[in-house]
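First up is the structure itself, then whatever we jot down about it.
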Amino acid sequence: MREILHILRKDVRRHWLEILISLILLGLYVKITLRGEAVQSTDFSFPWLRLSERWIVPALIIFWIVMAIRLVHGENLVGDRQWWITKPYEWWKLLAAKEIFLIVVIGVPLLAMQLFFLRHSGFSLFSNLLGLFNAFFGLALFLLLPAVALGSLTKNMGQVFLAAIAAVILLLIGIGSLAEYIPSVGMSSAAEFYGTAIGLLVIGSVIGAIGLQYSRRKTWLARALILAAISLIALLSVVTPFARFVEKKYPLLASSELPFSVSARIPAKRPDDSNKQFPGLDALPNVFLSLPVKFSGAAPAHVFVAEGSRVRLQPSTGLGWDSSWTREYLIVWPGQIAQNVTFELKRKDFERLKTQKVRLLLEIAFVEEQEKEPRDLTLAAGKFSDPQLGICHLNLPNASSVECIRPFSSPGLLATFDPTHAACPVEENDEEQPENELTYVRYAMHDDTFEPKLDPVEKYSLDFRRGRWGYGVQRSENTRRRVIRLCAGDKIRVAKPEFVRNIRIQMEIPEVDIRQLSNLSVDYE
Amino acid sequence: MTAAIQMLDLTKHYRSLFALDRVNLEVPEGSVYALVGPNGAGKTTSIKILMNLIAASSGHAAVLGVDSKLIRGKAYTQIGYVSENQQSLDWMKVGDQFNYLRPFYPTWDRELEDSLVRQFDLTRNRKIKALSRGMKMKLALASALAFHPKLIVLDEPFGGLDPLVRDQLIEGLLDRASDSTIFISSHDLAEIESFASHVAYLEEGKLRFSEEMANLTARFREVELTFDSEHALPSPLPLTWLQAKAQGAVIRFVESSYEQHKTEAEIERLFGPAREIAIRPIGLRAIFLATARKGEEV
């Protein structure tokens, strides 16, 4: 331990200026965050504040990464001319000294800052300590560990810069290739082992590379380990039949078993397939198509969250087209819901398929959730505290939402508001129309384990405006804003979302002219 | 006497290029052992393998009885290593480096450190990056001597230094390292000759010879024979004769296995009586030149 502390003291002396800058940046972050809380997010009279909010976090993170790399470079692990190699350093003591440095110089001030934020927001410190350690562990895992690995595998900042560029290019090409060439990779979460395997490969190879470098200084072997892990991930991505996993995880329901009814409404045929509103889109390599789908009849207290969708276009002759499984973002609430299922296909496919009518097959994978422990919550004037929601208040300038703060993350939540029982009815005017249907808010159950966070206080909002709150492309009487006004005394129903089952639905639409789906005007009615 | 360093068939190759080719060598404890040879001969490669800075392709090396592949961490508390190529902690001051190193070595001698600082004219308050090359080498040597290492390994420590600094370093080295084995590589023969007890000659990765300095200088002699009439070189030449040349009535060669009676008898047998036989000892430089040329001929 004596030697570890001795190395640590040397590093603190060497990096004193960086430590000071890190503390100043952290102080600035606190100041900017507190100032940002005091100023409404919609108030744009503080451009410097908005600007500094944007740069302070990247500045801090980049600075910490550079500091971690320079710290490792202090006892460089690449090459054989370094001063320290022939001194009686024991590798694990050296590594321990570097880890302690990062904990003391980054972790401890960060912890102090986070405790201050929690205290400032009115949350208990003691009950959130574990969460804070988790957050720092996440920061160490996702930020500092890669930085230490980068420092271990490079000789100087020039090599770091080149390696970072190579990593970014590899990542971009990799992600682009995955999406382009590996069908259904967007739904890789359906293959649970895949995420675990990738996590283990990434973390294992990074820790292995650091260990190899510190214990044996086998630079090329350590680099090869990282490359081998990347290759294995690519191979795993190529050979995993994601579509099969999706189909297995989300069993197909027969039409008679559907928990809601679903129908598609093809827009009226357009005179031509060119895009009059956005002519520039015609020059894009991909064509975006939207299929308006209407859902109704879902049971009360149940919600269906779409995880992915797959569209197939099958012409009577010639090659068809398959979107494969892609992520989908729509939620089916009780009541009637109209949503667009959007998909994109290459222009050459569009040109090929638009010449004839096609059979359209749409599949959507859903997670069904139901309300658990529902209760009525009466909104209070001013701040109020709720064990599930955290500390909340009505957003007075925009009274359709409740603004909340909570340690670390938003809660898993299903919230419902019935505007017909609103305490403060809205006067109808030309631009606004009072909402008259149940409105909903959902937050998924959140797994915040090891999520890296600077500010431990999560801000989230229960916004009860429905999807049609925005102006459509073609504004008309029908697109008047639907508004609700929440007041003190209003009741909202809150519940925890409880997993019920995974399901998959399929619908078939014969004789579709795909040109009719290229209308970008969003119609939520 | 046990060996402080041992190399058995030590080989290092980079693809088809052999930096070391089956080198066998033993450095006796307590010796001042010089590994000499031209640039690129494999001296630094040998030392790097001994210090476990690089791995050998094949063969075996041991340092203080420990397999060189295991030399790391605590093993360096007994080895002082100085290399002209080594990077230094430039951001530190001289005194800081000593303060930093001290706790790592159980045998660190604070008085010896002070004495070395004085002897080498080191200023504790000076930043290392502001030191000249010679002063940096002095600092490195002082750091390598202050803990009474059993083995001191020096890789080309005197390269590019002015003679005054070089003499100071050698003096410091010999004064303070009486209990140590010194293994030093150099291509400067003159500096080695003055203090090495053993010498090994490495050329193109091969060990040409390795022996005690006294034996070496005793067995090499420059021989000049003067006859009354012109003489040609005999064929074949004795294997121990190097750089043999005939110039009219004079024949010169370097005898690499000199024993007075034996050498004189051989001359008598090959040429008959000579008018004059002059036999002179030669320096290390001449020995290596003669050996190197023989190597080229081979």
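By order of appearance in the structure tokens: chains A, B, ..., then residues from 1 within every chain, and ligands from 1 in the order shown.
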
Select, as a compact mmCIF listing (two decimals) with all heavy atoms, in the first residue's frame, those residues of chain B with any atom no more than 12 Å from chain A (distances computed using only C-alpha atoms).
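This is the output file part-v3.txt:
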# COMPACT_ATOMS: atom_id res chain seq x y z
N THR B 44 22.72 -4.31 -27.65
CA THR B 44 21.52 -3.80 -26.99
C THR B 44 20.41 -4.85 -26.95
O THR B 44 19.70 -4.98 -25.95
CB THR B 44 21.04 -2.52 -27.71
OG1 THR B 44 22.06 -1.54 -27.57
CG2 THR B 44 19.75 -1.98 -27.12
N THR B 45 20.33 -5.63 -28.02
CA THR B 45 19.32 -6.71 -28.04
C THR B 45 19.58 -7.68 -26.90
O THR B 45 18.64 -8.08 -26.19
CB THR B 45 19.38 -7.45 -29.39
OG1 THR B 45 19.20 -6.50 -30.43
CG2 THR B 45 18.31 -8.52 -29.50
N ILE B 47 21.06 -7.13 -24.07
CA ILE B 47 20.75 -6.51 -22.78
C ILE B 47 19.24 -6.41 -22.59
O ILE B 47 18.72 -6.64 -21.50
CB ILE B 47 21.44 -5.13 -22.67
CG1 ILE B 47 22.95 -5.37 -22.49
CG2 ILE B 47 20.87 -4.30 -21.54
CD1 ILE B 47 23.78 -4.13 -22.40
N LYS B 48 18.54 -6.07 -23.67
CA LYS B 48 17.08 -5.96 -23.54
C LYS B 48 16.44 -7.32 -23.19
O LYS B 48 15.47 -7.38 -22.45
CB LYS B 48 16.48 -5.42 -24.85
CG LYS B 48 16.65 -3.91 -24.98
CD LYS B 48 15.95 -3.38 -26.19
CE LYS B 48 16.01 -1.86 -26.22
NZ LYS B 48 15.39 -1.31 -27.41
N ILE B 49 17.04 -8.37 -23.74
CA ILE B 49 16.51 -9.71 -23.38
C ILE B 49 16.81 -10.00 -21.90
O ILE B 49 15.96 -10.48 -21.16
CB ILE B 49 17.10 -10.80 -24.29
CG1 ILE B 49 16.58 -10.61 -25.72
CG2 ILE B 49 16.75 -12.19 -23.78
CD1 ILE B 49 17.24 -11.50 -26.75
N LEU B 50 18.04 -9.66 -21.49
CA LEU B 50 18.40 -9.91 -20.09
C LEU B 50 17.49 -9.14 -19.13
O LEU B 50 17.12 -9.64 -18.07
CB LEU B 50 19.86 -9.49 -19.84
CG LEU B 50 20.93 -10.33 -20.53
CD1 LEU B 50 22.30 -9.69 -20.34
CD2 LEU B 50 20.92 -11.75 -19.97
N MET B 51 17.15 -7.92 -19.54
CA MET B 51 16.31 -7.08 -18.67
C MET B 51 14.82 -7.35 -18.88
O MET B 51 13.98 -6.63 -18.35
CB MET B 51 16.60 -5.60 -18.93
CG MET B 51 18.00 -5.14 -18.55
SD MET B 51 18.25 -5.19 -16.76
CE MET B 51 19.14 -6.72 -16.58
N ASN B 52 14.51 -8.36 -19.70
CA ASN B 52 13.12 -8.74 -19.99
C ASN B 52 12.34 -7.59 -20.65
O ASN B 52 11.15 -7.42 -20.42
CB ASN B 52 12.41 -9.19 -18.70
CG ASN B 52 11.10 -9.92 -19.02
OD1 ASN B 52 10.91 -10.40 -20.14
ND2 ASN B 52 10.21 -9.99 -18.07
N LEU B 53 13.05 -6.78 -21.42
CA LEU B 53 12.37 -5.71 -22.15
C LEU B 53 11.83 -6.23 -23.47
O LEU B 53 10.84 -5.74 -23.99
CB LEU B 53 13.32 -4.54 -22.40
CG LEU B 53 13.88 -3.88 -21.14
CD1 LEU B 53 14.84 -2.75 -21.49
CD2 LEU B 53 12.75 -3.35 -20.28
N ILE B 54 12.52 -7.23 -24.02
CA ILE B 54 12.01 -7.93 -25.20
C ILE B 54 12.21 -9.44 -24.97
O ILE B 54 12.99 -9.83 -24.10
CB ILE B 54 12.71 -7.49 -26.52
CG1 ILE B 54 14.22 -7.70 -26.42
CG2 ILE B 54 12.40 -6.06 -26.86
CD1 ILE B 54 14.95 -7.44 -27.74
N ALA B 55 11.50 -10.22 -25.76
CA ALA B 55 11.59 -11.67 -25.58
C ALA B 55 12.57 -12.26 -26.59
O ALA B 55 12.67 -11.77 -27.72
CB ALA B 55 10.22 -12.29 -25.77
N LYS B 69 13.07 -14.09 -18.29
CA LYS B 69 11.66 -13.84 -18.61
C LYS B 69 10.87 -13.47 -17.34
O LYS B 69 9.75 -12.97 -17.42
CB LYS B 69 11.03 -15.09 -19.26
CG LYS B 69 11.55 -15.34 -20.67
CD LYS B 69 10.64 -16.26 -21.45
CE LYS B 69 10.90 -17.72 -21.15
NZ LYS B 69 12.08 -18.31 -21.77
N LEU B 70 11.47 -13.77 -16.20
CA LEU B 70 10.78 -13.47 -14.93
C LEU B 70 11.32 -12.21 -14.27
O LEU B 70 10.95 -11.87 -13.13
CB LEU B 70 10.93 -14.65 -13.96
CG LEU B 70 10.41 -15.99 -14.48
CD1 LEU B 70 10.72 -17.11 -13.51
CD2 LEU B 70 8.91 -15.91 -14.73
N ILE B 71 12.21 -11.53 -14.97
CA ILE B 71 12.78 -10.32 -14.38
C ILE B 71 11.76 -9.19 -14.49
O ILE B 71 11.48 -8.69 -15.57
CB ILE B 71 14.09 -9.92 -15.11
CG1 ILE B 71 15.14 -11.00 -14.96
CG2 ILE B 71 14.61 -8.57 -14.62
CD1 ILE B 71 15.73 -11.15 -13.59
N ARG B 72 11.19 -8.83 -13.39
CA ARG B 72 10.26 -7.70 -13.34
C ARG B 72 10.02 -7.35 -11.87
O ARG B 72 10.40 -8.11 -10.98
CB ARG B 72 8.94 -8.03 -14.02
CG ARG B 72 8.13 -9.13 -13.37
CD ARG B 72 6.77 -9.23 -14.03
NE ARG B 72 6.86 -9.83 -15.35
CZ ARG B 72 6.74 -11.14 -15.59
NH1 ARG B 72 6.55 -11.97 -14.59
NH2 ARG B 72 6.81 -11.62 -16.80
N GLY B 73 9.44 -6.22 -11.65
CA GLY B 73 9.06 -5.82 -10.30
C GLY B 73 10.23 -5.87 -9.33
O GLY B 73 11.27 -5.26 -9.56
N LYS B 74 10.05 -6.63 -8.28
CA LYS B 74 11.04 -6.65 -7.19
C LYS B 74 12.43 -7.08 -7.64
O LYS B 74 13.43 -6.74 -6.98
CB LYS B 74 10.57 -7.61 -6.08
CG LYS B 74 9.38 -7.10 -5.31
CD LYS B 74 9.77 -5.96 -4.39
CE LYS B 74 8.55 -5.39 -3.68
NZ LYS B 74 8.74 -4.00 -3.29
N ALA B 75 12.52 -7.84 -8.73
CA ALA B 75 13.84 -8.29 -9.20
C ALA B 75 14.74 -7.09 -9.48
O ALA B 75 15.97 -7.18 -9.36
CB ALA B 75 13.68 -9.13 -10.46
N TYR B 76 14.14 -5.96 -9.82
CA TYR B 76 14.94 -4.77 -10.14
C TYR B 76 15.50 -4.07 -8.89
O TYR B 76 16.22 -3.10 -9.02
CB TYR B 76 14.12 -3.78 -10.96
CG TYR B 76 13.92 -4.22 -12.39
CD1 TYR B 76 12.67 -4.59 -12.85
CD2 TYR B 76 15.00 -4.29 -13.27
CE1 TYR B 76 12.48 -5.02 -14.15
CE2 TYR B 76 14.82 -4.71 -14.58
CZ TYR B 76 13.55 -5.07 -15.01
OH TYR B 76 13.39 -5.50 -16.30
N THR B 77 15.17 -4.59 -7.72
CA THR B 77 15.80 -4.00 -6.52
C THR B 77 17.26 -4.42 -6.43
O THR B 77 18.02 -3.91 -5.61
CB THR B 77 15.07 -4.45 -5.23
OG1 THR B 77 15.04 -5.86 -5.21
CG2 THR B 77 13.68 -3.88 -5.15
N GLN B 78 17.65 -5.40 -7.26
CA GLN B 78 19.05 -5.87 -7.24
C GLN B 78 19.79 -5.53 -8.52
O GLN B 78 20.94 -5.92 -8.69
CB GLN B 78 19.07 -7.39 -7.03
CG GLN B 78 18.42 -7.78 -5.72
CD GLN B 78 18.57 -9.25 -5.46
OE1 GLN B 78 19.38 -9.93 -6.05
NE2 GLN B 78 17.77 -9.75 -4.55
N ILE B 79 19.09 -4.88 -9.42
CA ILE B 79 19.72 -4.58 -10.72
C ILE B 79 19.65 -3.09 -10.99
O ILE B 79 18.57 -2.49 -10.96
CB ILE B 79 18.98 -5.34 -11.86
CG1 ILE B 79 18.97 -6.84 -11.61
CG2 ILE B 79 19.63 -5.02 -13.20
CD1 ILE B 79 18.05 -7.61 -12.53
N GLY B 80 20.78 -2.53 -11.26
CA GLY B 80 20.81 -1.13 -11.67
C GLY B 80 21.01 -1.09 -13.18
O GLY B 80 21.98 -1.63 -13.70
N TYR B 81 20.07 -0.47 -13.88
CA TYR B 81 20.12 -0.49 -15.35
C TYR B 81 20.20 0.94 -15.86
O TYR B 81 19.39 1.80 -15.47
CB TYR B 81 18.88 -1.19 -15.89
CG TYR B 81 18.67 -1.08 -17.39
CD1 TYR B 81 19.47 -1.83 -18.27
CD2 TYR B 81 17.71 -0.25 -17.92
CE1 TYR B 81 19.28 -1.74 -19.63
CE2 TYR B 81 17.51 -0.15 -19.30
CZ TYR B 81 18.30 -0.90 -20.14
OH TYR B 81 18.11 -0.80 -21.50
N VAL B 82 21.16 1.17 -16.71
CA VAL B 82 21.30 2.50 -17.31
C VAL B 82 21.49 2.31 -18.81
O VAL B 82 22.32 1.50 -19.24
CB VAL B 82 22.53 3.26 -16.73
CG1 VAL B 82 22.70 4.60 -17.43
CG2 VAL B 82 22.38 3.47 -15.24
N SER B 83 20.71 3.07 -19.58
CA SER B 83 20.85 2.96 -21.02
C SER B 83 20.83 4.35 -21.63
O SER B 83 20.11 5.23 -21.16
CB SER B 83 19.69 2.14 -21.59
OG SER B 83 19.60 2.34 -22.97
N GLU B 84 21.61 4.51 -22.67
CA GLU B 84 21.63 5.83 -23.32
C GLU B 84 20.29 6.13 -23.98
O GLU B 84 19.96 7.27 -24.23
CB GLU B 84 22.76 5.89 -24.36
CG GLU B 84 22.57 4.96 -25.54
CD GLU B 84 23.47 5.32 -26.71
OE1 GLU B 84 24.11 6.37 -26.67
OE2 GLU B 84 23.52 4.52 -27.66
N ASN B 85 19.51 5.08 -24.29
CA ASN B 85 18.24 5.29 -24.99
C ASN B 85 17.06 5.48 -24.06
O ASN B 85 15.95 5.70 -24.51
CB ASN B 85 17.93 4.06 -25.86
CG ASN B 85 18.88 3.96 -27.01
OD1 ASN B 85 19.21 4.97 -27.61
ND2 ASN B 85 19.34 2.76 -27.30
N GLN B 86 17.33 5.35 -22.76
CA GLN B 86 16.19 5.36 -21.85
C GLN B 86 15.61 6.76 -21.68
O GLN B 86 16.35 7.74 -21.60
CB GLN B 86 16.64 4.83 -20.50
CG GLN B 86 15.56 4.10 -19.78
CD GLN B 86 16.09 3.34 -18.60
OE1 GLN B 86 17.20 3.55 -18.14
NE2 GLN B 86 15.29 2.44 -18.08
N GLN B 87 14.25 6.79 -21.63
CA GLN B 87 13.60 8.07 -21.37
C GLN B 87 13.73 8.39 -19.88
O GLN B 87 13.98 7.50 -19.08
CB GLN B 87 12.11 7.98 -21.74
CG GLN B 87 11.91 7.79 -23.23
CD GLN B 87 10.52 7.28 -23.57
OE1 GLN B 87 9.77 6.84 -22.71
NE2 GLN B 87 10.20 7.31 -24.85
N SER B 88 13.56 9.67 -19.56
CA SER B 88 13.66 10.03 -18.14
C SER B 88 12.41 10.79 -17.71
O SER B 88 11.61 11.20 -18.54
CB SER B 88 14.91 10.88 -17.91
OG SER B 88 14.89 11.99 -18.79
N LEU B 89 12.27 10.97 -16.41
CA LEU B 89 11.12 11.71 -15.87
C LEU B 89 11.45 13.19 -15.95
O LEU B 89 11.78 13.82 -14.95
CB LEU B 89 10.86 11.29 -14.43
CG LEU B 89 10.34 9.88 -14.21
CD1 LEU B 89 10.13 9.61 -12.73
CD2 LEU B 89 9.04 9.67 -14.96
N ASP B 90 11.34 13.74 -17.14
CA ASP B 90 11.81 15.10 -17.39
C ASP B 90 11.13 16.17 -16.54
O ASP B 90 11.69 17.22 -16.29
CB ASP B 90 11.63 15.45 -18.88
CG ASP B 90 12.74 14.84 -19.71
OD1 ASP B 90 13.67 14.26 -19.11
OD2 ASP B 90 12.69 14.93 -20.94
N TRP B 91 9.88 15.89 -16.15
CA TRP B 91 9.14 16.93 -15.43
C TRP B 91 9.57 17.08 -13.98
O TRP B 91 9.25 18.04 -13.33
CB TRP B 91 7.64 16.64 -15.50
CG TRP B 91 7.27 15.32 -14.89
CD1 TRP B 91 7.30 14.09 -15.48
CD2 TRP B 91 6.85 15.08 -13.54
NE1 TRP B 91 6.91 13.11 -14.61
CE2 TRP B 91 6.62 13.70 -13.41
CE3 TRP B 91 6.63 15.91 -12.44
CZ2 TRP B 91 6.20 13.12 -12.22
CZ3 TRP B 91 6.19 15.33 -11.25
CH2 TRP B 91 5.99 13.95 -11.15
N MET B 92 10.37 16.09 -13.51
CA MET B 92 10.80 16.14 -12.10
C MET B 92 12.07 16.95 -11.95
O MET B 92 12.79 17.19 -12.92
CB MET B 92 11.10 14.72 -11.61
CG MET B 92 9.92 13.96 -11.10
SD MET B 92 10.50 12.44 -10.34
CE MET B 92 8.95 11.69 -9.92
N LYS B 93 12.37 17.31 -10.71
CA LYS B 93 13.68 17.87 -10.40
C LYS B 93 14.58 16.70 -9.99
O LYS B 93 14.08 15.62 -9.62
CB LYS B 93 13.57 18.86 -9.25
CG LYS B 93 12.89 20.17 -9.66
CD LYS B 93 12.78 21.10 -8.47
CE LYS B 93 12.10 22.38 -8.93
NZ LYS B 93 11.73 23.22 -7.80
N ASP B 96 13.81 15.37 -6.68
CA ASP B 96 12.52 14.66 -6.66
C ASP B 96 12.69 13.22 -7.14
O ASP B 96 12.04 12.31 -6.65
CB ASP B 96 11.51 15.36 -7.57
CG ASP B 96 11.17 16.74 -7.07
OD1 ASP B 96 11.34 16.97 -5.86
OD2 ASP B 96 10.74 17.58 -7.89
N GLN B 97 13.55 13.05 -8.12
CA GLN B 97 13.73 11.69 -8.64
C GLN B 97 14.31 10.78 -7.57
O GLN B 97 13.85 9.66 -7.39
CB GLN B 97 14.63 11.68 -9.89
CG GLN B 97 14.86 10.26 -10.37
CD GLN B 97 15.41 10.17 -11.78
OE1 GLN B 97 14.92 10.83 -12.68
NE2 GLN B 97 16.42 9.35 -11.96
N ASN B 99 14.05 11.28 -4.34
CA ASN B 99 13.00 11.11 -3.32
C ASN B 99 11.99 10.08 -3.77
O ASN B 99 11.46 9.31 -2.96
CB ASN B 99 12.27 12.43 -3.07
CG ASN B 99 13.18 13.46 -2.45
OD1 ASN B 99 14.23 13.10 -1.90
ND2 ASN B 99 12.83 14.72 -2.56
N TYR B 100 11.69 10.10 -5.06
CA TYR B 100 10.68 9.19 -5.58
C TYR B 100 11.19 7.74 -5.58
O TYR B 100 10.48 6.80 -5.23
CB TYR B 100 10.26 9.62 -6.98
CG TYR B 100 9.21 8.71 -7.58
CD1 TYR B 100 8.00 8.51 -6.92
CD2 TYR B 100 9.43 8.04 -8.77
CE1 TYR B 100 7.03 7.67 -7.44
CE2 TYR B 100 8.46 7.20 -9.30
CZ TYR B 100 7.26 7.02 -8.63
OH TYR B 100 6.32 6.17 -9.13
N LEU B 101 12.47 7.59 -5.97
CA LEU B 101 12.99 6.23 -6.11
C LEU B 101 13.26 5.55 -4.76
O LEU B 101 13.09 4.34 -4.63
CB LEU B 101 14.31 6.26 -6.90
CG LEU B 101 14.16 6.42 -8.41
CD1 LEU B 101 15.54 6.53 -9.05
CD2 LEU B 101 13.44 5.21 -8.99
N ARG B 102 13.67 6.35 -3.80
CA ARG B 102 14.16 5.81 -2.51
C ARG B 102 13.24 4.73 -1.92
O ARG B 102 13.72 3.63 -1.60
CB ARG B 102 14.34 6.97 -1.55
CG ARG B 102 15.56 6.84 -0.66
CD ARG B 102 15.75 8.10 0.15
NE ARG B 102 16.25 9.21 -0.63
CZ ARG B 102 15.75 10.45 -0.59
NH1 ARG B 102 14.72 10.73 0.18
NH2 ARG B 102 16.27 11.40 -1.33
N PRO B 103 11.94 4.99 -1.78
CA PRO B 103 11.11 3.98 -1.09
C PRO B 103 10.97 2.66 -1.85
O PRO B 103 10.56 1.67 -1.26
CB PRO B 103 9.74 4.66 -0.98
CG PRO B 103 9.99 6.10 -1.20
CD PRO B 103 11.17 6.18 -2.11
N PHE B 104 11.31 2.65 -3.12
CA PHE B 104 11.16 1.40 -3.87
C PHE B 104 12.28 0.40 -3.53
O PHE B 104 12.15 -0.78 -3.83
CB PHE B 104 11.22 1.68 -5.38
CG PHE B 104 9.96 2.30 -5.92
CD1 PHE B 104 9.92 3.63 -6.29
CD2 PHE B 104 8.80 1.55 -6.06
CE1 PHE B 104 8.77 4.21 -6.78
CE2 PHE B 104 7.64 2.11 -6.54
CZ PHE B 104 7.62 3.45 -6.91
N TYR B 105 13.39 0.91 -3.00
CA TYR B 105 14.56 0.05 -2.78
C TYR B 105 14.85 -0.11 -1.30
O TYR B 105 15.21 0.86 -0.62
CB TYR B 105 15.79 0.67 -3.47
CG TYR B 105 15.66 0.77 -4.95
CD1 TYR B 105 15.17 1.93 -5.55
CD2 TYR B 105 16.04 -0.28 -5.78
CE1 TYR B 105 15.04 2.03 -6.93
CE2 TYR B 105 15.91 -0.19 -7.15
CZ TYR B 105 15.43 0.97 -7.73
OH TYR B 105 15.30 1.06 -9.08
N PRO B 106 14.73 -1.34 -0.81
CA PRO B 106 15.01 -1.56 0.62
C PRO B 106 16.46 -1.25 0.98
O PRO B 106 16.76 -0.92 2.12
CB PRO B 106 14.71 -3.05 0.82
CG PRO B 106 14.00 -3.51 -0.40
CD PRO B 106 14.31 -2.56 -1.50
N ALA B 140 21.29 9.17 -14.00
CA ALA B 140 20.83 7.78 -14.17
C ALA B 140 21.78 6.83 -13.45
O ALA B 140 21.34 5.88 -12.79
CB ALA B 140 20.75 7.45 -15.65
N SER B 143 21.39 7.10 -9.73
CA SER B 143 20.15 6.40 -9.32
C SER B 143 20.33 4.89 -9.35
O SER B 143 19.69 4.18 -8.58
CB SER B 143 18.99 6.78 -10.25
OG SER B 143 18.83 8.16 -10.29
N ALA B 144 21.18 4.42 -10.23
CA ALA B 144 21.38 2.97 -10.36
C ALA B 144 22.40 2.44 -9.36
O ALA B 144 22.47 1.24 -9.13
CB ALA B 144 21.84 2.64 -11.78
N PHE B 147 21.54 2.15 -4.50
CA PHE B 147 20.89 1.09 -3.70
C PHE B 147 21.74 -0.19 -3.66
O PHE B 147 21.24 -1.26 -3.35
CB PHE B 147 19.48 0.80 -4.24
CG PHE B 147 19.41 0.38 -5.68
CD1 PHE B 147 19.39 -0.97 -6.03
CD2 PHE B 147 19.36 1.32 -6.70
CE1 PHE B 147 19.32 -1.36 -7.35
CE2 PHE B 147 19.28 0.94 -8.02
CZ PHE B 147 19.27 -0.40 -8.35
N PRO B 149 23.25 -2.20 -5.96
CA PRO B 149 22.74 -3.33 -6.74
C PRO B 149 23.77 -4.44 -6.85
O PRO B 149 24.98 -4.18 -6.84
CB PRO B 149 22.46 -2.71 -8.12
CG PRO B 149 23.38 -1.55 -8.20
CD PRO B 149 23.52 -1.02 -6.81
N ILE B 152 25.02 -4.36 -12.14
CA ILE B 152 24.81 -3.08 -12.82
C ILE B 152 24.92 -3.35 -14.32
O ILE B 152 25.92 -3.89 -14.79
CB ILE B 152 25.87 -2.04 -12.39
CG1 ILE B 152 25.78 -1.82 -10.87
CG2 ILE B 152 25.68 -0.73 -13.13
CD1 ILE B 152 26.96 -1.07 -10.31
N VAL B 153 23.88 -2.99 -15.03
CA VAL B 153 23.85 -3.23 -16.47
C VAL B 153 23.84 -1.88 -17.16
O VAL B 153 22.94 -1.06 -16.93
CB VAL B 153 22.61 -4.05 -16.87
CG1 VAL B 153 22.56 -4.25 -18.38
CG2 VAL B 153 22.61 -5.41 -16.16
N ASP B 155 24.03 0.03 -20.82
CA ASP B 155 23.95 -0.14 -22.28
C ASP B 155 24.46 1.13 -22.95
O ASP B 155 23.77 2.16 -22.93
CB ASP B 155 22.50 -0.43 -22.67
CG ASP B 155 22.37 -0.75 -24.15
OD1 ASP B 155 23.41 -0.97 -24.81
OD2 ASP B 155 21.23 -0.77 -24.64

Q: List the neighbours of Ala244 in chain B out to 12 Å using only C-alpha atoms; skip same-chain residues closer than 3 positions along the sequence, and give me the result as a list in words.
A: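 Residues meeting the cut-off are Glu222, Val223, Glu224, Leu225, Ala232, Leu233, Pro234, Ser235, Pro236, Leu237, Pro238, Leu239, Thr240, Trp241, Gln247, Val250, Ile251, Arg252, Phe253, Val254, Glu255, Ser256, Ala290, Arg293 and Lys294 of chain B.
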
**Q.** From B:Arg221, B:Ser180, B:Asp9, B:Ala196, residue lying nearest Ala278 in chain B [only C-alpha atoms]
**A.**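 Selected residue with least distance to Ala278 in chain B: B:Arg221.
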
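Reported to one decimal place, the separation of CA of Glu211 in chain B from CA of Val199 in chain B is 5.7 Å.
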
Q) If we count only C-alpha atoms, what is near Ala209 in chain A at a cut-off of 7 Å, once residues fewer than 3 positions away on the same chain are taken out, given as number ranges by chain? A) A: 149, 205-206, 212-213, 222-223, 225-226

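Residues surrounding Ser184 in chain A within 6 Å are Phe242, Ala243, Ser324, Trp325 and Thr326 of chain A [only C-alpha atoms; sequence separation below 4 positions excluded].
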
If you keep N, CA, C and O atoms, can you produce a file of those selected residues as a short mmCIF file (atom, residue, chain, number, x, y, z; two decimals), in the first residue's frame?
data_model
loop_
_atom_site.label_atom_id
_atom_site.label_comp_id
_atom_site.auth_asym_id
_atom_site.auth_seq_id
_atom_site.Cartn_x
_atom_site.Cartn_y
_atom_site.Cartn_z
N PHE A 242 -31.69 -12.84 -36.07
CA PHE A 242 -32.48 -11.97 -35.20
C PHE A 242 -33.98 -12.12 -35.45
O PHE A 242 -34.77 -12.10 -34.51
N ALA A 243 -34.37 -12.26 -36.73
CA ALA A 243 -35.80 -12.34 -37.05
C ALA A 243 -36.42 -13.55 -36.34
O ALA A 243 -37.53 -13.47 -35.81
N SER A 324 -37.33 -6.09 -43.03
CA SER A 324 -36.82 -6.84 -41.88
C SER A 324 -37.27 -6.10 -40.60
O SER A 324 -37.85 -5.03 -40.67
N TRP A 325 -36.98 -6.67 -39.46
CA TRP A 325 -37.46 -6.06 -38.22
C TRP A 325 -36.69 -4.80 -37.89
O TRP A 325 -35.46 -4.80 -37.88
N THR A 326 -37.44 -3.74 -37.65
CA THR A 326 -36.81 -2.48 -37.24
C THR A 326 -37.52 -1.97 -35.99
O THR A 326 -38.63 -2.38 -35.69
#

Q.
I'd like to know which of B:Ala62, B:Leu112, B:Ala200, B:Leu145 is closest to Ile287 in chain B, using only C-alpha atoms.
A.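 When distances to Ile287 in chain B are compared using only C-alpha atoms, the smallest one comes from B:Ala200.
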